[in-house]
$ cat model-v4.csv   # CSV, C-alpha atoms
chain,number,residue,atom,x,y,z
A,1,MET,CA,0.0,0.0,0.0
A,2,GLU,CA,2.9,2.3,0.8
A,3,THR,CA,4.2,1.7,-2.8
A,4,SER,CA,0.8,2.5,-4.2
A,5,ILE,CA,0.8,5.8,-2.3
A,6,ASN,CA,4.2,6.6,-3.6
A,7,GLN,CA,3.2,5.8,-7.2
A,8,GLU,CA,0.2,8.1,-6.8
A,9,LEU,CA,2.3,10.9,-5.3
A,10,LYS,CA,4.9,10.5,-8.1
A,11,LYS,CA,2.2,11.5,-10.6
A,12,TYR,CA,1.6,14.7,-8.7
A,13,THR,CA,5.1,15.7,-7.7
A,14,LYS,CA,5.9,15.5,-11.4
A,15,THR,CA,3.3,18.1,-12.1
A,16,PRO,CA,4.3,21.5,-10.8
A,17,PHE,CA,6.5,23.9,-12.8
A,18,VAL,CA,6.2,26.5,-10.0
A,19,THR,CA,4.2,26.6,-6.8
A,20,PRO,CA,1.8,29.4,-5.9
A,21,GLU,CA,4.4,30.6,-3.3
A,22,GLU,CA,7.1,30.7,-5.9
A,23,LEU,CA,4.9,32.7,-8.3
A,24,LEU,CA,4.0,35.2,-5.6
A,25,ASN,CA,7.8,35.8,-4.9
A,26,HIS,CA,8.3,36.0,-8.7
A,27,TRP,CA,5.7,38.7,-9.1
A,28,GLN,CA,6.8,40.7,-6.1
A,29,GLY,CA,10.4,40.5,-7.3
A,30,HIS,CA,9.3,42.0,-10.6
A,31,ARG,CA,7.3,44.6,-8.7
A,32,ARG,CA,10.4,45.6,-6.8
A,33,VAL,CA,12.2,46.2,-10.1
A,34,THR,CA,9.3,48.3,-11.4
A,35,ARG,CA,9.3,50.4,-8.2
A,36,LYS,CA,13.0,51.2,-8.8
A,37,ILE,CA,12.2,52.2,-12.4
A,38,ILE,CA,9.5,54.5,-11.2
A,39,ASP,CA,11.9,56.0,-8.7
A,40,ALA,CA,14.6,56.4,-11.4
A,41,PHE,CA,12.6,58.9,-13.3
A,42,PRO,CA,13.0,62.6,-12.7
A,43,GLU,CA,9.8,63.9,-11.1
A,44,ASP,CA,8.6,65.9,-14.1
A,45,LYS,CA,9.6,63.3,-16.7
A,46,LEU,CA,7.7,60.6,-14.9
A,47,PHE,CA,4.5,62.4,-15.7
A,48,SER,CA,5.3,64.0,-19.0
A,49,TYR,CA,8.0,62.1,-21.0
A,50,SER,CA,7.3,59.5,-23.6
A,51,LEU,CA,8.4,58.3,-27.0
A,52,GLY,CA,6.4,57.3,-30.1
A,53,GLY,CA,3.2,58.9,-28.9
A,54,MET,CA,3.0,56.4,-26.0
A,55,ARG,CA,1.9,57.1,-22.4
A,56,PRO,CA,4.3,58.5,-19.9
A,57,PHE,CA,5.6,56.0,-17.4
A,58,SER,CA,3.3,57.2,-14.6
A,59,GLU,CA,0.3,56.1,-16.7
A,60,LEU,CA,1.9,52.7,-17.5
A,61,ALA,CA,2.6,52.2,-13.8
A,62,MET,CA,-1.0,53.1,-13.0
A,63,GLU,CA,-2.2,50.5,-15.5
A,64,MET,CA,-0.1,47.9,-13.7
A,65,ILE,CA,-1.7,49.0,-10.4
A,66,GLY,CA,-5.1,49.0,-12.1
A,67,MET,CA,-4.6,45.4,-13.1
A,68,ALA,CA,-3.0,44.0,-10.0
A,69,ASP,CA,-5.4,45.4,-7.4
A,70,PRO,CA,-8.9,44.7,-8.8
A,71,GLY,CA,-7.3,41.8,-10.7
A,72,LEU,CA,-6.3,39.9,-7.6
A,73,THR,CA,-9.7,40.8,-6.1
A,74,GLY,CA,-11.3,39.0,-9.1
A,75,VAL,CA,-9.0,36.1,-8.6
A,76,VAL,CA,-9.9,35.7,-5.0
A,77,THR,CA,-13.6,36.6,-5.1
A,78,ARG,CA,-14.6,35.6,-8.7
A,79,LYS,CA,-16.1,39.1,-9.0
A,80,TRP,CA,-14.5,41.4,-11.6
A,81,GLU,CA,-14.6,45.2,-11.6
A,82,ALA,CA,-13.4,47.2,-14.5
A,83,PRO,CA,-9.6,47.8,-14.3
A,84,SER,CA,-8.9,51.0,-12.6
A,85,HIS,CA,-7.5,52.6,-15.8
A,86,LEU,CA,-10.9,52.2,-17.4
A,87,ARG,CA,-12.7,53.7,-14.5
A,88,ASN,CA,-12.6,57.2,-13.3
A,89,ILE,CA,-9.7,57.1,-10.9
A,90,GLU,CA,-7.7,59.9,-9.5
A,91,MET,CA,-4.2,59.9,-11.0
A,92,PRO,CA,-1.3,60.6,-8.6
A,93,THR,CA,0.4,63.9,-9.3
A,94,THR,CA,3.7,63.3,-7.5
A,95,LYS,CA,6.3,60.5,-7.6
A,96,ALA,CA,5.9,60.0,-3.8
A,97,ASP,CA,2.1,59.6,-4.2
A,98,LEU,CA,2.6,57.0,-7.0
A,99,LEU,CA,5.2,55.1,-4.9
A,100,ARG,CA,2.8,55.1,-1.9
A,101,ARG,CA,0.1,53.6,-4.0
A,102,TRP,CA,2.6,51.1,-5.4
A,103,ASP,CA,3.4,50.0,-1.9
A,104,GLU,CA,-0.2,49.7,-0.9
A,105,VAL,CA,-0.7,47.3,-3.7
A,106,THR,CA,2.4,45.3,-2.6
A,107,ASP,CA,0.8,44.9,0.8
A,108,TYR,CA,-2.6,44.1,-0.8
A,109,ILE,CA,-1.1,41.3,-2.9
A,110,ASN,CA,0.7,39.8,0.0
A,111,ALA,CA,-2.4,39.9,2.2
A,112,ASN,CA,-4.8,38.5,-0.4
A,113,TRP,CA,-2.6,35.8,-2.2
A,114,PRO,CA,-3.2,33.3,0.6
A,115,LEU,CA,-7.0,33.8,0.2
A,116,ILE,CA,-7.0,32.4,-3.4
A,117,PRO,CA,-9.4,29.4,-3.2
A,118,GLU,CA,-7.9,26.0,-3.7
A,119,GLY,CA,-8.0,24.8,-7.3
A,120,ARG,CA,-8.7,28.4,-8.5
A,121,PHE,CA,-5.5,28.6,-10.6
A,122,GLN,CA,-6.8,25.9,-13.0
A,123,GLU,CA,-10.3,27.5,-13.3
A,124,VAL,CA,-11.1,29.2,-16.6
A,125,ASP,CA,-12.6,32.6,-16.0
A,126,ARG,CA,-13.0,35.9,-17.9
A,127,ALA,CA,-10.8,38.6,-16.3
A,128,PHE,CA,-12.6,41.9,-16.0
A,129,GLY,CA,-15.3,40.3,-18.1
A,130,GLN,CA,-13.1,40.4,-21.1
A,131,TRP,CA,-10.0,38.2,-21.2
A,132,GLU,CA,-10.7,34.5,-21.0
A,133,GLY,CA,-8.2,31.9,-19.8
A,134,ALA,CA,-7.2,29.8,-16.8
A,135,ILE,CA,-6.6,32.0,-13.7
A,136,SER,CA,-2.9,31.0,-13.8
A,137,TRP,CA,-2.7,32.5,-17.3
A,138,ILE,CA,-4.5,35.6,-16.2
A,139,ILE,CA,-2.1,36.2,-13.3
A,140,LEU,CA,0.9,35.6,-15.6
A,141,TYR,CA,-0.7,38.2,-17.9
A,142,PHE,CA,-0.6,40.7,-15.1
A,143,VAL,CA,3.1,40.0,-14.5
A,144,ASP,CA,3.9,39.9,-18.2
A,145,ASN,CA,2.1,43.1,-18.9
A,146,GLU,CA,4.2,44.8,-16.2
A,147,ILE,CA,7.4,43.4,-17.7
A,148,HIS,CA,6.3,44.6,-21.1
A,149,HIS,CA,5.5,48.2,-20.1
A,150,ARG,CA,8.5,48.4,-17.8
A,151,GLY,CA,10.7,47.4,-20.7
A,152,GLN,CA,9.3,50.5,-22.4
A,153,GLY,CA,10.2,52.5,-19.3
A,154,TYR,CA,13.8,51.3,-19.8
A,155,VAL,CA,13.9,52.9,-23.2
A,156,TYR,CA,12.4,56.2,-21.9
A,157,LEU,CA,15.1,56.3,-19.2
A,158,ARG,CA,18.0,55.5,-21.6
A,159,SER,CA,16.8,58.0,-24.1
A,160,LEU,CA,16.9,60.5,-21.2
A,161,GLY,CA,20.5,59.6,-20.6
A,162,ILE,CA,19.7,57.8,-17.3
A,163,GLU,CA,21.1,54.3,-16.7
A,164,PRO,CA,18.2,52.2,-15.4
A,165,PRO,CA,18.5,49.8,-12.4
A,166,PRO,CA,19.4,46.3,-13.7
A,167,PHE,CA,16.6,44.1,-15.0
A,168,TRP,CA,18.0,41.0,-13.2
A,169,ASP,CA,18.2,42.5,-9.7
A,170,ARG,CA,14.9,41.6,-8.0
A,171,GLU,CA,15.9,42.5,-4.5
B,1,MET,CA,-6.4,4.0,3.9
B,2,GLU,CA,-8.2,5.6,0.9
B,3,THR,CA,-8.8,8.6,3.0
B,4,SER,CA,-5.1,8.7,3.9
B,5,ILE,CA,-4.2,8.6,0.2
B,6,ASN,CA,-6.6,11.4,-0.6
B,7,GLN,CA,-5.2,13.5,2.2
B,8,GLU,CA,-1.7,13.1,0.9
B,9,LEU,CA,-2.9,13.8,-2.7
B,10,LYS,CA,-4.6,17.0,-1.5
B,11,LYS,CA,-1.3,18.4,-0.3
B,12,TYR,CA,0.1,17.9,-3.8
B,13,THR,CA,-2.9,18.9,-5.9
B,14,LYS,CA,-2.9,22.2,-4.0
B,15,THR,CA,0.7,22.8,-5.1
B,16,PRO,CA,0.9,23.6,-8.8
B,17,PHE,CA,0.5,27.1,-10.1
B,18,VAL,CA,1.2,26.0,-13.6
B,19,THR,CA,2.3,22.7,-15.0
B,20,PRO,CA,5.3,22.2,-17.3
B,21,GLU,CA,3.0,21.8,-20.3
B,22,GLU,CA,1.3,25.1,-19.5
B,23,LEU,CA,4.6,26.9,-19.2
B,24,LEU,CA,5.8,25.5,-22.5
B,25,ASN,CA,2.6,26.8,-24.2
B,26,HIS,CA,3.1,30.1,-22.4
B,27,TRP,CA,6.7,30.5,-23.6
B,28,GLN,CA,5.9,29.5,-27.2
B,29,GLY,CA,2.9,31.9,-27.1
B,30,HIS,CA,5.3,34.7,-26.2
B,31,ARG,CA,7.7,33.6,-28.9
B,32,ARG,CA,4.9,33.8,-31.5
B,33,VAL,CA,4.4,37.5,-30.5
B,34,THR,CA,8.1,38.2,-30.7
B,35,ARG,CA,8.3,36.6,-34.1
B,36,LYS,CA,5.5,39.0,-35.2
B,37,ILE,CA,7.5,42.0,-33.8
B,38,ILE,CA,10.6,40.9,-35.7
B,39,ASP,CA,8.5,40.7,-38.9
B,40,ALA,CA,6.9,44.1,-38.3
B,41,PHE,CA,10.3,45.9,-38.6
B,42,PRO,CA,11.3,47.2,-42.1
B,43,GLU,CA,14.3,45.1,-43.2
B,44,ASP,CA,16.9,47.9,-42.7
B,45,LYS,CA,15.5,49.2,-39.5
B,46,LEU,CA,15.6,45.7,-37.9
B,47,PHE,CA,19.4,45.8,-38.1
B,48,SER,CA,20.1,49.5,-37.7
B,49,TYR,CA,17.4,51.4,-35.7
B,50,SER,CA,17.5,52.0,-32.0
B,51,LEU,CA,16.8,54.5,-29.3
B,52,GLY,CA,18.8,55.7,-26.3
B,53,GLY,CA,22.0,54.1,-27.5
B,54,MET,CA,20.5,50.6,-27.2
B,55,ARG,CA,20.9,47.7,-29.5
B,56,PRO,CA,18.8,47.3,-32.7
B,57,PHE,CA,16.0,44.8,-32.4
B,58,SER,CA,17.9,42.1,-34.5
B,59,GLU,CA,20.5,42.0,-31.7
B,60,LEU,CA,17.9,41.8,-29.0
B,61,ALA,CA,16.2,39.0,-30.8
B,62,MET,CA,19.6,37.2,-31.2
B,63,GLU,CA,20.1,37.5,-27.4
B,64,MET,CA,16.7,35.8,-26.9
B,65,ILE,CA,17.8,33.0,-29.3
B,66,GLY,CA,21.2,32.9,-27.5
B,67,MET,CA,19.5,32.3,-24.2
B,68,ALA,CA,16.8,29.9,-25.3
B,69,ASP,CA,18.8,27.5,-27.3
B,70,PRO,CA,21.9,26.8,-25.1
B,71,GLY,CA,19.8,27.6,-22.1
B,72,LEU,CA,17.3,24.8,-22.6
B,73,THR,CA,20.3,22.5,-23.4
B,74,GLY,CA,21.7,23.4,-20.0
B,75,VAL,CA,18.3,22.7,-18.4
B,76,VAL,CA,18.1,19.3,-20.0
B,77,THR,CA,21.7,18.2,-19.8
B,78,ARG,CA,23.0,20.1,-16.8
B,79,LYS,CA,25.9,21.3,-19.0
B,80,TRP,CA,26.0,25.1,-19.7
B,81,GLU,CA,27.7,26.7,-22.6
B,82,ALA,CA,28.2,30.5,-22.8
B,83,PRO,CA,25.1,32.2,-24.2
B,84,SER,CA,25.4,32.7,-27.9
B,85,HIS,CA,25.6,36.4,-27.6
B,86,LEU,CA,28.8,36.1,-25.5
B,87,ARG,CA,30.3,33.7,-28.0
B,88,ASN,CA,31.5,34.3,-31.5
B,89,ILE,CA,28.4,33.6,-33.5
B,90,GLU,CA,27.5,34.7,-36.9
B,91,MET,CA,24.8,37.3,-36.9
B,92,PRO,CA,22.0,37.0,-39.4
B,93,THR,CA,22.0,39.8,-42.0
B,94,THR,CA,18.5,39.5,-43.4
B,95,LYS,CA,15.1,39.3,-41.7
B,96,ALA,CA,14.4,36.0,-43.5
B,97,ASP,CA,17.6,34.5,-42.0
B,98,LEU,CA,16.7,35.8,-38.5
B,99,LEU,CA,13.1,34.4,-38.7
B,100,ARG,CA,14.5,31.1,-40.0
B,101,ARG,CA,16.8,30.9,-36.9
B,102,TRP,CA,13.8,31.8,-34.7
B,103,ASP,CA,11.8,29.0,-36.1
B,104,GLU,CA,14.6,26.5,-35.6
B,105,VAL,CA,14.7,27.4,-31.9
B,106,THR,CA,10.9,27.0,-31.8
B,107,ASP,CA,11.3,23.4,-33.0
B,108,TYR,CA,14.3,22.9,-30.7
B,109,ILE,CA,12.3,23.9,-27.6
B,110,ASN,CA,9.3,21.7,-28.5
B,111,ALA,CA,11.6,18.7,-29.1
B,112,ASN,CA,13.7,19.2,-26.0
B,113,TRP,CA,11.1,20.3,-23.4
B,114,PRO,CA,9.9,16.7,-22.9
B,115,LEU,CA,13.5,15.6,-22.1
B,116,ILE,CA,13.8,17.8,-19.0
B,117,PRO,CA,14.5,15.4,-16.2
B,118,GLU,CA,11.8,14.8,-13.6
B,119,GLY,CA,12.3,17.1,-10.6
B,120,ARG,CA,14.7,19.3,-12.5
B,121,PHE,CA,12.5,22.4,-12.2
B,122,GLN,CA,13.1,22.5,-8.5
B,123,GLU,CA,16.9,22.0,-8.7
B,124,VAL,CA,19.1,24.9,-7.9
B,125,ASP,CA,21.6,25.5,-10.7
B,126,ARG,CA,23.8,28.2,-12.1
B,127,ALA,CA,22.7,29.1,-15.6
B,128,PHE,CA,25.6,29.6,-17.9
B,129,GLY,CA,27.8,29.3,-14.8
B,130,GLN,CA,26.6,32.7,-13.7
B,131,TRP,CA,23.0,33.1,-12.6
B,132,GLU,CA,22.0,31.0,-9.7
B,133,GLY,CA,18.4,29.9,-8.9
B,134,ALA,CA,15.9,27.1,-9.2
B,135,ILE,CA,15.6,25.9,-12.8
B,136,SER,CA,12.0,27.1,-12.9
B,137,TRP,CA,13.2,30.6,-12.0
B,138,ILE,CA,15.9,30.3,-14.7
B,139,ILE,CA,13.4,29.4,-17.4
B,140,LEU,CA,11.1,32.2,-16.3
B,141,TYR,CA,14.1,34.4,-16.7
B,142,PHE,CA,14.4,33.4,-20.3
B,143,VAL,CA,10.8,34.3,-20.9
B,144,ASP,CA,10.8,37.5,-18.9
B,145,ASN,CA,14.0,38.7,-20.6
B,146,GLU,CA,12.3,38.2,-23.9
B,147,ILE,CA,9.2,40.1,-22.8
B,148,HIS,CA,11.4,42.9,-21.5
B,149,HIS,CA,13.4,43.4,-24.7
B,150,ARG,CA,10.4,42.9,-26.9
B,151,GLY,CA,8.7,45.7,-25.0
B,152,GLN,CA,11.6,47.8,-26.1
B,153,GLY,CA,11.0,46.7,-29.7
B,154,TYR,CA,7.4,48.0,-29.3
B,155,VAL,CA,8.9,51.5,-28.6
B,156,TYR,CA,11.2,51.3,-31.6
B,157,LEU,CA,8.2,50.4,-33.8
B,158,ARG,CA,6.0,53.1,-32.5
B,159,SER,CA,8.7,55.7,-32.8
B,160,LEU,CA,9.0,54.6,-36.4
B,161,GLY,CA,5.3,55.2,-36.8
B,162,ILE,CA,4.5,51.5,-37.1
B,163,GLU,CA,1.6,50.1,-35.1
B,164,PRO,CA,2.9,46.9,-33.5
B,165,PRO,CA,1.0,43.6,-33.3
B,166,PRO,CA,-0.9,43.5,-30.1
B,167,PHE,CA,0.8,42.2,-26.9
B,168,TRP,CA,-2.1,40.1,-25.9
B,169,ASP,CA,-2.5,38.0,-29.1
B,170,ARG,CA,-0.4,34.9,-28.6
B,171,GLU,CA,-1.7,33.0,-31.6
$ encode --input "model-v4.csv" --output "structure tokens"
Amino acid sequence: METSINQELKKYTKTPFVTPEELLNHWQGHRRVTRKIIDAFPEDKLFSYSLGGMRPFSELAMEMIGMADPGLTGVVTRKWEAPSHLRNIEMPTTKADLLRRWDEVTDYINANWPLIPEGRFQEVDRAFGQWEGAISWIILYFVDNEIHHRGQGYVYLRSLGIEPPPFWDRE
Amino acid sequence: METSINQELKKYTKTPFVTPEELLNHWQGHRRVTRKIIDAFPEDKLFSYSLGGMRPFSELAMEMIGMADPGLTGVVTRKWEAPSHLRNIEMPTTKADLLRRWDEVTDYINANWPLIPEGRFQEVDRAFGQWEGAISWIILYFVDNEIHHRGQGYVYLRSLGIEPPPFWDRE
């Protein structure tokens, strides 16, 4: 019988690529990098500078916040509100205010991640009523969208002559 | 005893965030987007255009290839060679040549992913002798690095007046 248990377990231990805890650490590691990128912008450029007709980095950062906060709420509760950037939200007007909001979301994610219902990562849902996929895919979308727009922030900084904090340093 | 098995299984079924198969699809989905970005560049701009003193997108794409190909070899075999971009490799000189190499790596990843040894994702290793972490973290690094640099390619395209293929379409 012990052998039978081990055979059953083997099927399952073969399964994970990453665990939920590892993914949380992965996400927060990326969010630490993004925080440093926000902080690397001169105050005025954060809210005004862009290239190719794109949004300034403050607005890209607010999109990340607008996905992460109500997004995780949707993951936990199965109720989706429109992402903040599609609602009427008050935009921060200073770097300090933006960083404060960033840190609130950091705490919100840490507090709510353990509340994600068991089995939820494999459920197919429609994020914000629009984007359909497994919840794991939706969460990876939040992270990937952040990496994508943050990469654009790197170009903004370099074109301003500012050396950005390294991509690989997640501390 | 059945109950005991189920209790044991429950500990494990709770564990995965994504499975290896899901992560492979995730990676290849991103690689399909990147392929479209390469293709969206005018031939000459792919090899010459950049912003902020950064590399042209052909070189960023070759870095992705140089991580993915020997990187996956290291994951499978536990033997790491220097990433291609640190070795003396022949750079492609046409878009068609670059896309051909891209497609070869696509096939290489699909062929070699099933050869990753069981339990390997949780092993701590030093990618290319340099970057230490669990193999799952290292593979996510390959994907994230691609998203990061591809985001920069989006800025190049937009500043050239070209509407890039959408980030969210992984088909």
$ residues_around --input "model-v4.csv" --residues "region 125-134 of chain B" --least-positions-apart "2" --cutoff "10 Å" --atoms "only C-alpha atoms" --output "list in words"
Val18 and Trp168 of chain A; Met67, Pro70, Gly71, Leu72, Gly74, Val75, Arg78, Lys79, Trp80, Glu81, Ala82, Pro83, Arg120, Phe121, Gln122, Glu123, Ser136, Trp137, Ile138, Ile139, Leu140 and Tyr141 of chain B
$ closest_atom_pairs --input "model-v4.csv" --of "chain A" --to "chain B" --cutoff "6 Å" --atoms "all atoms listed in the file" --output "CSV"
residue,atom,partner,partner_atom,distance
A:Thr15,CA,B:Thr19,CA,5.5
A:Pro16,CA,B:Pro16,CA,4.5
A:Phe17,CA,B:Thr19,CA,4.9
A:Val18,CA,B:Phe17,CA,5.7
A:Thr19,CA,B:Pro16,CA,4.9
A:Pro20,CA,B:Phe17,CA,5.0
A:Gly52,CA,B:Ser159,CA,3.9
A:Ile147,CA,B:His148,CA,5.5
A:His148,CA,B:Gly151,CA,4.7
A:Gly151,CA,B:His148,CA,4.6
A:Gln152,CA,B:Gln152,CA,5.1
A:Arg158,CA,B:Gly52,CA,4.8
A:Ser159,CA,B:Gly52,CA,3.8
$ atom_distance --input "model-v4.csv" --atom1 "CA of Tyr49 (chain B)" --atom2 "CA of Lys36 (chain B)"
17.2 Å
$ calpha_fit_and_write --input "model-v4.csv" --fixed "chain A" --moving "chain B" --output "compact mmCIF listing (two decimals) with C-alpha atoms, keeping the file's coordinate frame"
# COMPACT_ATOMS: atom_id res chain seq x y z
CA MET B 1 -0.40 -0.29 -0.65
CA GLU B 2 2.53 2.03 0.22
CA THR B 3 3.86 1.45 -3.19
CA SER B 4 0.46 2.34 -4.66
CA ILE B 5 0.47 5.60 -2.69
CA ASN B 6 3.95 6.47 -3.87
CA GLN B 7 2.98 5.78 -7.45
CA GLU B 8 0.04 8.10 -7.23
CA LEU B 9 2.21 10.75 -5.45
CA LYS B 10 4.79 10.51 -8.25
CA LYS B 11 2.23 11.57 -10.81
CA TYR B 12 1.58 14.71 -8.76
CA THR B 13 5.11 15.55 -7.65
CA LYS B 14 6.09 15.51 -11.33
CA THR B 15 3.45 18.16 -12.03
CA PRO B 16 4.45 21.53 -10.60
CA PHE B 17 6.59 23.94 -12.52
CA VAL B 18 6.30 26.52 -9.83
CA THR B 19 4.25 26.62 -6.70
CA PRO B 20 1.93 29.48 -5.71
CA GLU B 21 4.46 30.71 -3.14
CA GLU B 22 7.17 30.83 -5.79
CA LEU B 23 4.98 32.78 -8.16
CA LEU B 24 4.08 35.27 -5.47
CA ASN B 25 7.82 35.84 -4.77
CA HIS B 26 8.39 36.10 -8.51
CA TRP B 27 5.68 38.74 -9.00
CA GLN B 28 6.77 40.81 -5.97
CA GLY B 29 10.40 40.53 -7.21
CA HIS B 30 9.29 42.07 -10.50
CA ARG B 31 7.33 44.73 -8.66
CA ARG B 32 10.46 45.69 -6.68
CA VAL B 33 12.24 46.34 -10.04
CA THR B 34 9.35 48.36 -11.36
CA ARG B 35 9.26 50.43 -8.21
CA LYS B 36 12.99 51.18 -8.81
CA ILE B 37 12.20 52.25 -12.45
CA ILE B 38 9.45 54.57 -11.23
CA ASP B 39 11.93 56.13 -8.76
CA ALA B 40 14.64 56.49 -11.40
CA PHE B 41 12.50 58.96 -13.45
CA PRO B 42 12.98 62.72 -12.73
CA GLU B 43 9.70 63.92 -11.16
CA ASP B 44 8.51 65.87 -14.26
CA LYS B 45 9.56 63.32 -16.77
CA LEU B 46 7.62 60.55 -14.95
CA PHE B 47 4.38 62.35 -15.81
CA SER B 48 5.26 63.97 -19.12
CA TYR B 49 7.98 62.10 -21.12
CA SER B 50 7.31 59.48 -23.72
CA LEU B 51 8.37 58.16 -27.06
CA GLY B 52 6.45 57.16 -30.18
CA GLY B 53 3.24 58.75 -28.99
CA MET B 54 2.99 56.33 -26.05
CA ARG B 55 1.93 57.03 -22.55
CA PRO B 56 4.32 58.49 -19.92
CA PHE B 57 5.64 55.97 -17.46
CA SER B 58 3.30 57.23 -14.59
CA GLU B 59 0.34 56.07 -16.72
CA LEU B 60 1.92 52.75 -17.48
CA ALA B 61 2.62 52.21 -13.85
CA MET B 62 -1.03 53.16 -13.01
CA GLU B 63 -2.20 50.50 -15.52
CA MET B 64 -0.07 47.92 -13.66
CA ILE B 65 -1.68 49.04 -10.35
CA GLY B 66 -5.11 49.00 -12.10
CA MET B 67 -4.62 45.41 -13.10
CA ALA B 68 -3.03 44.08 -9.95
CA ASP B 69 -5.35 45.43 -7.39
CA PRO B 70 -8.87 44.69 -8.83
CA GLY B 71 -7.37 41.79 -10.66
CA LEU B 72 -6.26 39.89 -7.58
CA THR B 73 -9.69 40.76 -6.02
CA GLY B 74 -11.30 39.06 -9.00
CA VAL B 75 -8.99 36.05 -8.55
CA VAL B 76 -9.90 35.73 -4.92
CA THR B 77 -13.56 36.60 -5.01
CA ARG B 78 -14.57 35.62 -8.52
CA LYS B 79 -16.10 39.11 -8.91
CA TRP B 80 -14.41 41.39 -11.53
CA GLU B 81 -14.55 45.11 -11.54
CA ALA B 82 -13.33 47.17 -14.54
CA PRO B 83 -9.57 47.72 -14.35
CA SER B 84 -8.78 51.00 -12.71
CA HIS B 85 -7.44 52.49 -15.84
CA LEU B 86 -10.85 52.04 -17.56
CA ARG B 87 -12.62 53.59 -14.60
CA ASN B 88 -12.62 57.13 -13.37
CA ILE B 89 -9.75 57.09 -10.95
CA GLU B 90 -7.72 59.89 -9.67
CA MET B 91 -4.25 59.90 -11.08
CA PRO B 92 -1.36 60.57 -8.76
CA THR B 93 0.43 63.87 -9.48
CA THR B 94 3.68 63.37 -7.62
CA LYS B 95 6.19 60.50 -7.63
CA ALA B 96 5.80 60.16 -3.84
CA ASP B 97 2.02 59.66 -4.27
CA LEU B 98 2.57 57.09 -7.07
CA LEU B 99 5.17 55.11 -5.00
CA ARG B 100 2.83 55.26 -1.99
CA ARG B 101 0.03 53.69 -4.14
CA TRP B 102 2.54 51.09 -5.39
CA ASP B 103 3.41 50.11 -1.91
CA GLU B 104 -0.22 49.78 -0.89
CA VAL B 105 -0.76 47.30 -3.73
CA THR B 106 2.37 45.44 -2.57
CA ASP B 107 0.75 44.96 0.85
CA TYR B 108 -2.61 44.18 -0.77
CA ILE B 109 -1.13 41.33 -2.85
CA ASN B 110 0.76 39.80 0.11
CA ALA B 111 -2.40 39.92 2.27
CA ASN B 112 -4.73 38.57 -0.38
CA TRP B 113 -2.57 35.91 -2.11
CA PRO B 114 -3.17 33.41 0.72
CA LEU B 115 -6.97 33.81 0.28
CA ILE B 116 -7.00 32.46 -3.28
CA PRO B 117 -9.27 29.47 -3.15
CA GLU B 118 -7.76 26.01 -3.52
CA GLY B 119 -7.89 24.87 -7.15
CA ARG B 120 -8.62 28.36 -8.37
CA PHE B 121 -5.44 28.57 -10.47
CA GLN B 122 -6.77 25.95 -12.79
CA GLU B 123 -10.26 27.48 -13.18
CA VAL B 124 -11.13 29.07 -16.44
CA ASP B 125 -12.43 32.60 -15.92
CA ARG B 126 -12.88 35.83 -17.77
CA ALA B 127 -10.74 38.54 -16.23
CA PHE B 128 -12.55 41.80 -16.00
CA GLY B 129 -15.30 40.14 -18.05
CA GLN B 130 -13.05 40.28 -21.07
CA TRP B 131 -9.98 38.07 -21.16
CA GLU B 132 -10.66 34.42 -20.91
CA GLY B 133 -8.16 31.78 -19.65
CA ALA B 134 -7.10 29.72 -16.68
CA ILE B 135 -6.53 31.91 -13.62
CA SER B 136 -2.84 31.00 -13.65
CA TRP B 137 -2.60 32.35 -17.21
CA ILE B 138 -4.48 35.49 -16.07
CA ILE B 139 -2.06 36.17 -13.24
CA LEU B 140 0.89 35.58 -15.53
CA TYR B 141 -0.70 38.13 -17.74
CA PHE B 142 -0.57 40.66 -14.98
CA VAL B 143 3.10 40.02 -14.49
CA ASP B 144 4.01 39.86 -18.15
CA ASN B 145 2.11 43.09 -18.89
CA GLU B 146 4.13 44.76 -16.22
CA ILE B 147 7.40 43.42 -17.61
CA HIS B 148 6.38 44.57 -21.07
CA HIS B 149 5.57 48.16 -20.12
CA ARG B 150 8.48 48.41 -17.77
CA GLY B 151 10.73 47.44 -20.65
CA GLN B 152 9.34 50.46 -22.37
CA GLY B 153 10.21 52.57 -19.31
CA TYR B 154 13.83 51.31 -19.71
CA VAL B 155 13.85 52.94 -23.22
CA TYR B 156 12.43 56.20 -21.90
CA LEU B 157 15.17 56.27 -19.23
CA ARG B 158 17.96 55.52 -21.58
CA SER B 159 16.77 58.05 -24.09
CA LEU B 160 16.85 60.53 -21.25
CA GLY B 161 20.44 59.55 -20.62
CA ILE B 162 19.63 57.81 -17.35
CA GLU B 163 21.12 54.39 -16.69
CA PRO B 164 18.25 52.25 -15.39
CA PRO B 165 18.46 49.82 -12.45
CA PRO B 166 19.35 46.45 -13.74
CA PHE B 167 16.58 44.06 -14.94
CA TRP B 168 18.00 41.11 -13.17
CA ASP B 169 18.18 42.54 -9.60
CA ARG B 170 14.91 41.66 -7.94
CA GLU B 171 15.91 42.64 -4.43
$ atom_distance --input "model-v4.csv" --atom1 "CA of Asp39 (chain B)" --atom2 "CA of Ser58 (chain B)"
10.5 Å
$ atom_distance --input "model-v4.csv" --atom1 "CA of Phe41 (chain A)" --atom2 "CA of Asp169 (chain A)"
17.7 Å
$ residues_around --input "model-v4.csv" --residues "Gln28 (chain A)" --least-positions-apart "6" --cutoff "12 Å" --atoms "only C-alpha atoms" --output "list in words"
Glu21, Glu22, Thr34, Arg35, Ala68, Trp102, Asp103, Val105, Thr106, Asp107, Tyr108, Ile109, Asn110, Trp113, Phe142, Val143, Glu146, Ile147, Arg170 and Glu171 of chain A
$ closest_residue --input "model-v4.csv" --among "A:Thr73, A:Thr93, A:Asn25, A:Asn112" --to "Asp44 (chain A)" --atoms "all atoms listed in the file"
A:Thr93
$ closest_residue --input "model-v4.csv" --among "A:Gly66, A:Pro166, A:Pro56, A:Gly29" --to "Glu90 (chain A)" --atoms "all atoms listed in the file"
A:Gly66
